[in-house]
Amino acid sequence: MALDHFSSSSPSFTSPITDQPAFTLHRGSAPLLLSIPHTGTHLPPAIAARLSEHGRQVPDTDWHLERLYGFARELGATLLVATHSRYVIDLNRPPDDASLYPGQNVTGLCPVDSFDELALYPAGDVPGAAEVAARRDAVWAPYHAQLREELDRLRQAHGRVVLWEAHSIRSVLPRFFQGRLPDLNLGTANGNSCDPALASRLLAIACEAQGYSSVLNGRFKGGYITRQYGKPERGIHAVQLELTQCSYMQESLPFDYLPDEAARLQPVLRSLLQAALDFAGAGGQR
């Protein structure tokens, strides 16, 4: 099936905050949309100049996911991929910066420290309210506007669509969880963001994957995007998959992609996405 690729509905978009479009978009026609909000590494120069050396290395990136999921284009999926680092603004946080996990240690809409709890702004010049609002308008809002547009387009075409939130994280990260994280962390907002039948099928595939551990609605239940856009009653079923980075890449500098490990993982990811497509296709055409 024919697919189009373009960077933005407004490629020349710029603002005082950023010098790059907020996302790239690969538009497909199948009822599956992959959102990859944390793979961006771009730091606008004015922001990079204020960050620590550690911050400029953007270590908390969901590295290489656009490469790992590259096969999804063959399935006809739409891929919405962030360009900016989560240190500029976190696209998977509520616009009002409300905590997604009350009482637990989390990072905010415009993070001021890294996952290792190292200060990102050593001079103390953290973003104030006006700057946070400007970053939200420049980067967060365009990404979410495009996400809504693509979901509406696919739902109108198919009647039912699956939103796949693609994430990854270090397998051991004491700030957020004890011990080692399972490799395949499926999240459906405790069953609220997708049909239970889809969640059960995805979990079964994950549990059958040899060499990988898995869980449903464990430490990562789905962030803002999963919770906000997953509306099963409206035909939009959202699932988050948080992968351990060691399953496909080096978890420390230089954060290299490991082709052999990735090639072993990709058939599992393909099976999961195919199951999502099968579920969406069962919703019938409009």
# chains A, B, ... in the order shown; residues from 1 in each chain; ligands from 1
>>> closest_atom_pairs(of="range 156-204 of chain A", to="range 117-139 of chain A", cutoff="12 Å", atoms="only C-alpha atoms", output="tab-separated table")
residue	atom	partner	partner_atom	distance
A:Leu173	CA	A:Glu117	CA	10.8
A:Pro174	CA	A:Glu117	CA	10.4
A:Arg175	CA	A:Glu117	CA	7.9
A:Phe176	CA	A:Glu117	CA	10.9
>>> write_last_selection(atoms="C-alpha atoms", output="mmCIF file, in the first residue's frame")
data_model
loop_
_atom_site.group_PDB
_atom_site.id
_atom_site.type_symbol
_atom_site.label_atom_id
_atom_site.label_comp_id
_atom_site.auth_asym_id
_atom_site.auth_seq_id
_atom_site.Cartn_x
_atom_site.Cartn_y
_atom_site.Cartn_z
ATOM 1 C CA LEU A 173 16.841 2.157 37.493
ATOM 2 C CA PRO A 174 16.476 2.435 41.283
ATOM 3 C CA ARG A 175 14.758 5.815 41.143
ATOM 4 C CA PHE A 176 11.641 4.284 39.597
#
>>> residues_around(residues="Pro254 in chain A", least_positions_apart="4", cutoff="12 Å", atoms="only C-alpha atoms", output="PyMOL selection string")
chain A and resi 57-59+63+249-250+258
>>> closest_residue(among="A:Leu253, A:Ala48, A:Leu65, A:Ala238", to="Ser168 in chain A", atoms="only C-alpha atoms")
A:Leu65
>>> closest_atom_pairs(of="range 118-193 of chain A", to="range 200-213 of chain A", cutoff="8 Å", atoms="only C-alpha atoms", output="CSV")
residue,atom,partner,partner_atom,distance
A:Pro182,CA,A:Ser213,CA,5.0
A:Asp183,CA,A:Ser213,CA,5.1
A:Leu184,CA,A:Ser213,CA,6.2
A:Leu186,CA,A:Leu203,CA,7.4
>>> write_last_selection(atoms="C-alpha atoms", output="PDB file, in the first residue's frame")
ATOM      1  CA  PRO A 182      10.749  -7.161  32.997  1.00  0.00           C
ATOM      2  CA  ASP A 183      11.720  -6.953  29.334  1.00  0.00           C
ATOM      3  CA  LEU A 184       8.214  -6.455  27.921  1.00  0.00           C
ATOM      4  CA  LEU A 186       2.608  -3.760  28.602  1.00  0.00           C
TER       5      LEU A 186
END
>>> residues_around(residues="range 179-181 of chain A", least_positions_apart="2", cutoff="10 Å", atoms="only C-alpha atoms", output="JSON, numbers by chain")
{"A": [169, 170, 171, 172, 173, 174, 176, 177, 183, 184, 185, 213, 214, 215, 218, 219, 220, 242, 243, 244]}
>>> select_by_dssp(residues="range 14-103 of chain A", states="strand (DSSP E or B)", output="NGL selection string")
:A and (23-27 or 32-36 or 42 or 78-82 or 84)
>>> closest_residue(among="A:Gln266, A:Thr83, A:Ser52, A:Thr41", to="Gln20 in chain A", atoms="only C-alpha atoms")
A:Thr83
